[in-house]
$ cat query-v7.tsv   # TSV, N, CA and C atoms
chain	number	residue	atom	x	y	z
A	1	MET	N	-3.35	42.14	1.89
A	1	MET	CA	-2.74	41.48	0.78
A	1	MET	C	-3.05	39.98	0.87
A	2	ASP	N	-3.53	39.41	-0.23
A	2	ASP	CA	-3.81	37.98	-0.30
A	2	ASP	C	-2.58	37.24	-0.80
A	3	VAL	N	-2.32	36.12	-0.19
A	3	VAL	CA	-1.18	35.29	-0.60
A	3	VAL	C	-1.72	33.91	-0.95
A	4	GLU	N	-1.34	33.45	-2.14
A	4	GLU	CA	-1.74	32.10	-2.55
A	4	GLU	C	-0.55	31.19	-2.42
A	5	THR	N	-0.78	30.04	-1.84
A	5	THR	CA	0.27	29.04	-1.78
A	5	THR	C	-0.05	27.97	-2.81
A	6	PRO	N	0.96	27.52	-3.52
A	6	PRO	CA	0.69	26.49	-4.53
A	6	PRO	C	0.24	25.19	-3.88
A	7	ALA	N	-0.63	24.50	-4.58
A	7	ALA	CA	-1.08	23.19	-4.08
A	7	ALA	C	0.10	22.22	-4.12
A	8	LEU	N	0.32	21.55	-3.03
A	8	LEU	CA	1.42	20.61	-2.96
A	8	LEU	C	0.98	19.25	-3.49
A	9	GLU	N	1.83	18.68	-4.32
A	9	GLU	CA	1.55	17.33	-4.80
A	9	GLU	C	1.89	16.35	-3.69
A	10	PRO	N	1.11	15.27	-3.59
A	10	PRO	CA	1.46	14.26	-2.58
A	10	PRO	C	2.82	13.65	-2.93
A	11	PRO	N	3.58	13.25	-1.94
A	11	PRO	CA	4.88	12.66	-2.23
A	11	PRO	C	4.72	11.35	-3.01
A	12	LYS	N	5.62	11.11	-3.92
A	12	LYS	CA	5.60	9.87	-4.70
A	12	LYS	C	6.32	8.80	-3.91
A	13	ARG	N	5.78	7.59	-3.97
A	13	ARG	CA	6.38	6.46	-3.28
A	13	ARG	C	6.77	5.39	-4.30
A	14	PRO	N	7.97	4.86	-4.17
A	14	PRO	CA	8.37	3.80	-5.10
A	14	PRO	C	7.76	2.46	-4.68
A	15	VAL	N	7.25	1.73	-5.65
A	15	VAL	CA	6.75	0.38	-5.41
A	15	VAL	C	7.36	-0.54	-6.46
A	16	ARG	N	7.50	-1.80	-6.10
A	16	ARG	CA	7.99	-2.78	-7.07
A	16	ARG	C	6.82	-3.63	-7.54
A	17	ILE	N	6.74	-3.78	-8.84
A	17	ILE	CA	5.68	-4.59	-9.44
A	17	ILE	C	6.36	-5.69	-10.26
A	18	ALA	N	5.95	-6.92	-10.03
A	18	ALA	CA	6.45	-8.05	-10.82
A	18	ALA	C	5.33	-8.53	-11.73
A	19	VAL	N	5.65	-8.68	-13.01
A	19	VAL	CA	4.66	-9.13	-13.99
A	19	VAL	C	5.20	-10.42	-14.61
A	20	TYR	N	4.43	-11.49	-14.48
A	20	TYR	CA	4.79	-12.78	-15.05
A	20	TYR	C	3.85	-13.07	-16.21
A	21	ILE	N	4.40	-13.42	-17.36
A	21	ILE	CA	3.61	-13.64	-18.56
A	21	ILE	C	3.94	-15.01	-19.12
A	22	GLY	N	2.91	-15.79	-19.39
A	22	GLY	CA	3.11	-17.14	-19.91
A	22	GLY	C	3.69	-17.14	-21.31
A	23	ASN	N	3.20	-16.27	-22.18
A	23	ASN	CA	3.66	-16.23	-23.56
A	23	ASN	C	3.99	-14.80	-23.95
A	24	ASP	N	5.25	-14.57	-24.28
A	24	ASP	CA	5.66	-13.26	-24.73
A	24	ASP	C	5.18	-13.05	-26.17
A	25	ARG	N	4.99	-11.81	-26.54
A	25	ARG	CA	4.62	-11.49	-27.92
A	25	ARG	C	5.12	-10.10	-28.24
A	26	PRO	N	5.28	-9.78	-29.52
A	26	PRO	CA	5.75	-8.44	-29.89
A	26	PRO	C	4.80	-7.36	-29.38
A	27	GLY	N	5.36	-6.32	-28.81
A	27	GLY	CA	4.56	-5.18	-28.35
A	27	GLY	C	4.02	-5.29	-26.94
A	28	LEU	N	4.22	-6.42	-26.28
A	28	LEU	CA	3.64	-6.61	-24.95
A	28	LEU	C	4.24	-5.66	-23.92
A	29	LEU	N	5.56	-5.51	-23.92
A	29	LEU	CA	6.20	-4.59	-22.98
A	29	LEU	C	5.68	-3.17	-23.19
A	30	SER	N	5.53	-2.78	-24.43
A	30	SER	CA	5.01	-1.44	-24.75
A	30	SER	C	3.59	-1.26	-24.21
A	31	GLU	N	2.77	-2.28	-24.35
A	31	GLU	CA	1.40	-2.20	-23.85
A	31	GLU	C	1.36	-2.12	-22.32
A	32	ILE	N	2.23	-2.86	-21.66
A	32	ILE	CA	2.27	-2.82	-20.19
A	32	ILE	C	2.75	-1.46	-19.70
A	33	THR	N	3.82	-0.95	-20.30
A	33	THR	CA	4.30	0.37	-19.88
A	33	THR	C	3.29	1.45	-20.24
A	34	GLY	N	2.57	1.28	-21.35
A	34	GLY	CA	1.51	2.23	-21.70
A	34	GLY	C	0.38	2.20	-20.69
A	35	ALA	N	0.05	1.02	-20.19
A	35	ALA	CA	-1.01	0.90	-19.17
A	35	ALA	C	-0.60	1.64	-17.90
A	36	ILE	N	0.66	1.52	-17.53
A	36	ILE	CA	1.16	2.22	-16.34
A	36	ILE	C	1.12	3.73	-16.58
A	37	GLY	N	1.58	4.16	-17.73
A	37	GLY	CA	1.57	5.59	-18.06
A	37	GLY	C	0.18	6.17	-18.13
A	38	SER	N	-0.79	5.36	-18.57
A	38	SER	CA	-2.17	5.86	-18.68
A	38	SER	C	-2.76	6.19	-17.31
A	39	LYS	N	-2.18	5.64	-16.26
A	39	LYS	CA	-2.63	5.90	-14.88
A	39	LYS	C	-1.65	6.83	-14.16
A	40	ASN	N	-0.82	7.53	-14.94
A	40	ASN	CA	0.14	8.51	-14.44
A	40	ASN	C	1.20	7.92	-13.52
A	41	GLY	N	1.50	6.64	-13.70
A	41	GLY	CA	2.60	6.03	-12.97
A	41	GLY	C	3.91	6.36	-13.67
A	42	ASN	N	4.94	6.55	-12.91
A	42	ASN	CA	6.26	6.87	-13.45
A	42	ASN	C	7.19	5.69	-13.22
A	43	ILE	N	7.62	5.05	-14.31
A	43	ILE	CA	8.53	3.92	-14.21
A	43	ILE	C	9.95	4.46	-14.04
A	44	THR	N	10.59	4.08	-12.93
A	44	THR	CA	11.95	4.55	-12.68
A	44	THR	C	13.00	3.48	-12.93
A	45	LYS	N	12.55	2.22	-13.03
A	45	LYS	CA	13.47	1.12	-13.32
A	45	LYS	C	12.68	-0.03	-13.91
A	46	ALA	N	13.27	-0.70	-14.90
A	46	ALA	CA	12.62	-1.86	-15.51
A	46	ALA	C	13.67	-2.92	-15.82
A	47	GLU	N	13.37	-4.15	-15.45
A	47	GLU	CA	14.20	-5.30	-15.80
A	47	GLU	C	13.29	-6.33	-16.44
A	48	VAL	N	13.66	-6.77	-17.63
A	48	VAL	CA	12.83	-7.72	-18.36
A	48	VAL	C	13.67	-8.94	-18.70
A	49	THR	N	13.12	-10.12	-18.41
A	49	THR	CA	13.76	-11.37	-18.76
A	49	THR	C	12.78	-12.19	-19.59
A	50	VAL	N	13.25	-12.65	-20.75
A	50	VAL	CA	12.40	-13.47	-21.61
A	50	VAL	C	13.10	-14.80	-21.83
A	51	THR	N	12.38	-15.89	-21.58
A	51	THR	CA	12.90	-17.23	-21.85
A	51	THR	C	12.02	-17.86	-22.93
A	52	ASP	N	12.29	-19.11	-23.24
A	52	ASP	CA	11.51	-19.78	-24.28
A	52	ASP	C	10.03	-19.91	-23.93
A	53	ASP	N	9.73	-20.02	-22.63
A	53	ASP	CA	8.35	-20.30	-22.26
A	53	ASP	C	7.63	-19.18	-21.51
A	54	ARG	N	8.34	-18.08	-21.15
A	54	ARG	CA	7.65	-17.00	-20.44
A	54	ARG	C	8.48	-15.73	-20.42
A	55	ALA	N	7.83	-14.66	-19.95
A	55	ALA	CA	8.51	-13.38	-19.75
A	55	ALA	C	8.27	-12.95	-18.31
A	56	HIS	N	9.23	-12.25	-17.75
A	56	HIS	CA	9.16	-11.78	-16.38
A	56	HIS	C	9.64	-10.33	-16.38
A	57	GLN	N	8.82	-9.45	-15.82
A	57	GLN	CA	9.18	-8.04	-15.75
A	57	GLN	C	9.19	-7.59	-14.30
A	58	GLN	N	10.27	-6.95	-13.90
A	58	GLN	CA	10.37	-6.32	-12.58
A	58	GLN	C	10.39	-4.82	-12.83
A	59	LEU	N	9.41	-4.11	-12.31
A	59	LEU	CA	9.29	-2.68	-12.54
A	59	LEU	C	9.29	-1.93	-11.21
A	60	ARG	N	9.97	-0.80	-11.18
A	60	ARG	CA	9.85	0.11	-10.04
A	60	ARG	C	9.06	1.31	-10.54
A	61	VAL	N	7.96	1.58	-9.87
A	61	VAL	CA	7.03	2.62	-10.30
A	61	VAL	C	6.78	3.58	-9.14
A	62	GLU	N	6.76	4.87	-9.43
A	62	GLU	CA	6.42	5.86	-8.41
A	62	GLU	C	4.91	6.10	-8.46
A	63	VAL	N	4.27	6.02	-7.29
A	63	VAL	CA	2.83	6.26	-7.20
A	63	VAL	C	2.55	7.24	-6.06
A	64	SER	N	1.40	7.90	-6.17
A	64	SER	CA	1.00	8.88	-5.15
A	64	SER	C	0.34	8.23	-3.95
A	65	ASP	N	-0.47	7.18	-4.22
A	65	ASP	CA	-1.23	6.57	-3.14
A	65	ASP	C	-1.69	5.17	-3.55
A	66	LEU	N	-2.37	4.52	-2.64
A	66	LEU	CA	-2.84	3.15	-2.87
A	66	LEU	C	-3.85	3.09	-4.01
A	67	ASN	N	-4.70	4.08	-4.13
A	67	ASN	CA	-5.69	4.07	-5.22
A	67	ASN	C	-5.01	4.08	-6.58
A	68	GLN	N	-3.96	4.88	-6.73
A	68	GLN	CA	-3.24	4.92	-8.00
A	68	GLN	C	-2.58	3.57	-8.27
A	69	LEU	N	-2.00	2.96	-7.25
A	69	LEU	CA	-1.39	1.65	-7.43
A	69	LEU	C	-2.42	0.62	-7.86
A	70	GLN	N	-3.58	0.64	-7.23
A	70	GLN	CA	-4.64	-0.30	-7.61
A	70	GLN	C	-5.10	-0.06	-9.05
A	71	ASP	N	-5.20	1.19	-9.45
A	71	ASP	CA	-5.57	1.51	-10.84
A	71	ASP	C	-4.52	0.98	-11.82
A	72	ILE	N	-3.25	1.13	-11.46
A	72	ILE	CA	-2.17	0.63	-12.31
A	72	ILE	C	-2.22	-0.88	-12.42
A	73	MET	N	-2.42	-1.56	-11.30
A	73	MET	CA	-2.49	-3.03	-11.32
A	73	MET	C	-3.66	-3.51	-12.18
A	74	THR	N	-4.79	-2.84	-12.08
A	74	THR	CA	-5.95	-3.20	-12.90
A	74	THR	C	-5.63	-2.99	-14.39
A	75	ALA	N	-5.00	-1.87	-14.71
A	75	ALA	CA	-4.65	-1.59	-16.11
A	75	ALA	C	-3.69	-2.63	-16.65
A	76	ILE	N	-2.73	-3.07	-15.84
A	76	ILE	CA	-1.80	-4.12	-16.30
A	76	ILE	C	-2.55	-5.42	-16.53
A	77	ARG	N	-3.45	-5.77	-15.62
A	77	ARG	CA	-4.22	-7.01	-15.78
A	77	ARG	C	-5.12	-6.99	-17.02
A	78	ASP	N	-5.53	-5.78	-17.44
A	78	ASP	CA	-6.39	-5.66	-18.61
A	78	ASP	C	-5.65	-5.77	-19.94
A	79	VAL	N	-4.31	-5.77	-19.90
A	79	VAL	CA	-3.54	-5.93	-21.14
A	79	VAL	C	-3.70	-7.37	-21.61
A	80	PRO	N	-4.15	-7.55	-22.86
A	80	PRO	CA	-4.34	-8.93	-23.35
A	80	PRO	C	-3.00	-9.65	-23.51
A	81	THR	N	-2.96	-10.91	-23.10
A	81	THR	CA	-1.74	-11.70	-23.24
A	81	THR	C	-1.93	-12.81	-24.23
$ encode --input "query-v7.tsv" --output "structure tokens"
Amino acid sequence: MDVETPALEPPKRPVRIAVYIGNDRPGLLSEITGAIGSKNGNITKAEVTVTDDRAHQQLRVEVSDLNQLQDIMTAIRDVPT
């Protein structure tokens, strides 16, 4: 009798990402969270502060490994500001 075991997903690790933006604009938060989602990152917590001269985002994201984190960071950097 053959027995198949399901492939185990690697454990997810929480990381904190801080995003500082010089000029806030409509839709920017959506674009940043979309960039994270496009790399299969799971946002578990988000804090956003907007002042007159900048925006600051603190995000907690679950990632599988360093490569995924690097892909997410690149995707965030590619969002036009």
$ closest_atom_pairs --input "query-v7.tsv" --of "segment 51-70 of chain A" --to "segment 35-43 of chain A" --cutoff "7 Å" --atoms "only C-alpha atoms" --output "CSV"
residue,atom,partner,partner_atom,distance
A:Leu59,CA,A:Ile43,CA,6.9
A:Arg60,CA,A:Ile43,CA,5.8
A:Val61,CA,A:Ile43,CA,4.4
A:Glu62,CA,A:Asn42,CA,5.1
A:Val63,CA,A:Gly41,CA,5.8
A:Gln68,CA,A:Lys39,CA,7.0
$ select_by_dssp --input "query-v7.tsv" --residues "chain A" --states "strand (DSSP E)" --output "MDAnalysis selection string"
chainID A and resid 13:21 42:50 55:63
$ write_last_selection --input "query-v7.tsv" --atoms "N, CA and C atoms" --output "PDB file, in the coordinates of the input"
ATOM      1  N   ARG A  13       5.780   7.590  -3.970  1.00  0.00           N
ATOM      2  CA  ARG A  13       6.380   6.460  -3.280  1.00  0.00           C
ATOM      3  C   ARG A  13       6.770   5.390  -4.300  1.00  0.00           C
ATOM      4  N   PRO A  14       7.970   4.860  -4.170  1.00  0.00           N
ATOM      5  CA  PRO A  14       8.370   3.800  -5.100  1.00  0.00           C
ATOM      6  C   PRO A  14       7.760   2.460  -4.680  1.00  0.00           C
ATOM      7  N   VAL A  15       7.250   1.730  -5.650  1.00  0.00           N
ATOM      8  CA  VAL A  15       6.750   0.380  -5.410  1.00  0.00           C
ATOM      9  C   VAL A  15       7.360  -0.540  -6.460  1.00  0.00           C
ATOM     10  N   ARG A  16       7.500  -1.800  -6.100  1.00  0.00           N
ATOM     11  CA  ARG A  16       7.990  -2.780  -7.070  1.00  0.00           C
ATOM     12  C   ARG A  16       6.820  -3.630  -7.540  1.00  0.00           C
ATOM     13  N   ILE A  17       6.740  -3.780  -8.840  1.00  0.00           N
ATOM     14  CA  ILE A  17       5.680  -4.590  -9.440  1.00  0.00           C
ATOM     15  C   ILE A  17       6.360  -5.690 -10.260  1.00  0.00           C
ATOM     16  N   ALA A  18       5.950  -6.920 -10.030  1.00  0.00           N
ATOM     17  CA  ALA A  18       6.450  -8.050 -10.820  1.00  0.00           C
ATOM     18  C   ALA A  18       5.330  -8.530 -11.730  1.00  0.00           C
ATOM     19  N   VAL A  19       5.650  -8.680 -13.010  1.00  0.00           N
ATOM     20  CA  VAL A  19       4.660  -9.130 -13.990  1.00  0.00           C
ATOM     21  C   VAL A  19       5.200 -10.420 -14.610  1.00  0.00           C
ATOM     22  N   TYR A  20       4.430 -11.490 -14.480  1.00  0.00           N
ATOM     23  CA  TYR A  20       4.790 -12.780 -15.050  1.00  0.00           C
ATOM     24  C   TYR A  20       3.850 -13.070 -16.210  1.00  0.00           C
ATOM     25  N   ILE A  21       4.400 -13.420 -17.360  1.00  0.00           N
ATOM     26  CA  ILE A  21       3.610 -13.640 -18.560  1.00  0.00           C
ATOM     27  C   ILE A  21       3.940 -15.010 -19.120  1.00  0.00           C
ATOM     28  N   ASN A  42       4.940   6.550 -12.910  1.00  0.00           N
ATOM     29  CA  ASN A  42       6.260   6.870 -13.450  1.00  0.00           C
ATOM     30  C   ASN A  42       7.190   5.690 -13.220  1.00  0.00           C
ATOM     31  N   ILE A  43       7.620   5.050 -14.310  1.00  0.00           N
ATOM     32  CA  ILE A  43       8.530   3.920 -14.210  1.00  0.00           C
ATOM     33  C   ILE A  43       9.950   4.460 -14.040  1.00  0.00           C
ATOM     34  N   THR A  44      10.590   4.080 -12.930  1.00  0.00           N
ATOM     35  CA  THR A  44      11.950   4.550 -12.680  1.00  0.00           C
ATOM     36  C   THR A  44      13.000   3.480 -12.930  1.00  0.00           C
ATOM     37  N   LYS A  45      12.550   2.220 -13.030  1.00  0.00           N
ATOM     38  CA  LYS A  45      13.470   1.120 -13.320  1.00  0.00           C
ATOM     39  C   LYS A  45      12.680  -0.030 -13.910  1.00  0.00           C
ATOM     40  N   ALA A  46      13.270  -0.700 -14.900  1.00  0.00           N
ATOM     41  CA  ALA A  46      12.620  -1.860 -15.510  1.00  0.00           C
ATOM     42  C   ALA A  46      13.670  -2.920 -15.820  1.00  0.00           C
ATOM     43  N   GLU A  47      13.370  -4.150 -15.450  1.00  0.00           N
ATOM     44  CA  GLU A  47      14.200  -5.300 -15.800  1.00  0.00           C
ATOM     45  C   GLU A  47      13.290  -6.330 -16.440  1.00  0.00           C
ATOM     46  N   VAL A  48      13.660  -6.770 -17.630  1.00  0.00           N
ATOM     47  CA  VAL A  48      12.830  -7.720 -18.360  1.00  0.00           C
ATOM     48  C   VAL A  48      13.670  -8.940 -18.700  1.00  0.00           C
ATOM     49  N   THR A  49      13.120 -10.120 -18.410  1.00  0.00           N
ATOM     50  CA  THR A  49      13.760 -11.370 -18.760  1.00  0.00           C
ATOM     51  C   THR A  49      12.780 -12.190 -19.590  1.00  0.00           C
ATOM     52  N   VAL A  50      13.250 -12.650 -20.750  1.00  0.00           N
ATOM     53  CA  VAL A  50      12.400 -13.470 -21.610  1.00  0.00           C
ATOM     54  C   VAL A  50      13.100 -14.800 -21.830  1.00  0.00           C
ATOM     55  N   ALA A  55       7.830 -14.660 -19.950  1.00  0.00           N
ATOM     56  CA  ALA A  55       8.510 -13.380 -19.750  1.00  0.00           C
ATOM     57  C   ALA A  55       8.270 -12.950 -18.310  1.00  0.00           C
ATOM     58  N   HIS A  56       9.230 -12.250 -17.750  1.00  0.00           N
ATOM     59  CA  HIS A  56       9.160 -11.780 -16.380  1.00  0.00           C
ATOM     60  C   HIS A  56       9.640 -10.330 -16.380  1.00  0.00           C
ATOM     61  N   GLN A  57       8.820  -9.450 -15.820  1.00  0.00           N
ATOM     62  CA  GLN A  57       9.180  -8.040 -15.750  1.00  0.00           C
ATOM     63  C   GLN A  57       9.190  -7.590 -14.300  1.00  0.00           C
ATOM     64  N   GLN A  58      10.270  -6.950 -13.900  1.00  0.00           N
ATOM     65  CA  GLN A  58      10.370  -6.320 -12.580  1.00  0.00           C
ATOM     66  C   GLN A  58      10.390  -4.820 -12.830  1.00  0.00           C
ATOM     67  N   LEU A  59       9.410  -4.110 -12.310  1.00  0.00           N
ATOM     68  CA  LEU A  59       9.290  -2.680 -12.540  1.00  0.00           C
ATOM     69  C   LEU A  59       9.290  -1.930 -11.210  1.00  0.00           C
ATOM     70  N   ARG A  60       9.970  -0.800 -11.180  1.00  0.00           N
ATOM     71  CA  ARG A  60       9.850   0.110 -10.040  1.00  0.00           C
ATOM     72  C   ARG A  60       9.060   1.310 -10.540  1.00  0.00           C
ATOM     73  N   VAL A  61       7.960   1.580  -9.870  1.00  0.00           N
ATOM     74  CA  VAL A  61       7.030   2.620 -10.300  1.00  0.00           C
ATOM     75  C   VAL A  61       6.780   3.580  -9.140  1.00  0.00           C
ATOM     76  N   GLU A  62       6.760   4.870  -9.430  1.00  0.00           N
ATOM     77  CA  GLU A  62       6.420   5.860  -8.410  1.00  0.00           C
ATOM     78  C   GLU A  62       4.910   6.100  -8.460  1.00  0.00           C
ATOM     79  N   VAL A  63       4.270   6.020  -7.290  1.00  0.00           N
ATOM     80  CA  VAL A  63       2.830   6.260  -7.200  1.00  0.00           C
ATOM     81  C   VAL A  63       2.550   7.240  -6.060  1.00  0.00           C
TER      82      VAL A  63
END
$ atom_distance --input "query-v7.tsv" --atom1 "atom N of Pro80 of chain A" --atom2 "atom C of Gln58 of chain A"
17.9 Å
$ select_by_dssp --input "query-v7.tsv" --residues "segment 5-74 of chain A" --states "alpha helix (DSSP H)" --output "PyMOL selection string"
chain A and resi 28-38+66-74
$ atom_distance --input "query-v7.tsv" --atom1 "atom C of Gly34 of chain A" --atom2 "atom N of Ile76 of chain A"
7.8 Å
$ residues_around --input "query-v7.tsv" --residues "Asp24 of chain A" --least-positions-apart "3" --cutoff "6.5 Å" --atoms "only N, CA and C atoms" --output "list in words"
Ile21, Asp53, Arg54 and Ala55 of chain A
$ closest_residue --input "query-v7.tsv" --among "A:Gln57, A:Asn67, A:Thr74, A:Asp52" --to "Ile17 of chain A" --atoms "all atoms listed in the file"
A:Gln57
$ closest_residue --input "query-v7.tsv" --among "A:Val3, A:Leu66, A:Val50, A:Val19" --to "Thr33 of chain A" --atoms "only C-alpha atoms"
A:Val19
$ closest_residue --input "query-v7.tsv" --among "A:Val15, A:Asp78, A:Asp2, A:Glu9" --to "Thr44 of chain A" --atoms "only C-alpha atoms"
A:Val15
$ closest_residue --input "query-v7.tsv" --among "A:Arg13, A:Val48, A:Asp71, A:Ala7" --to "Leu28 of chain A" --atoms "only C-alpha atoms"
A:Val48
$ atom_distance --input "query-v7.tsv" --atom1 "atom CA of Glu4 of chain A" --atom2 "atom CA of Ser64 of chain A"
23.5 Å
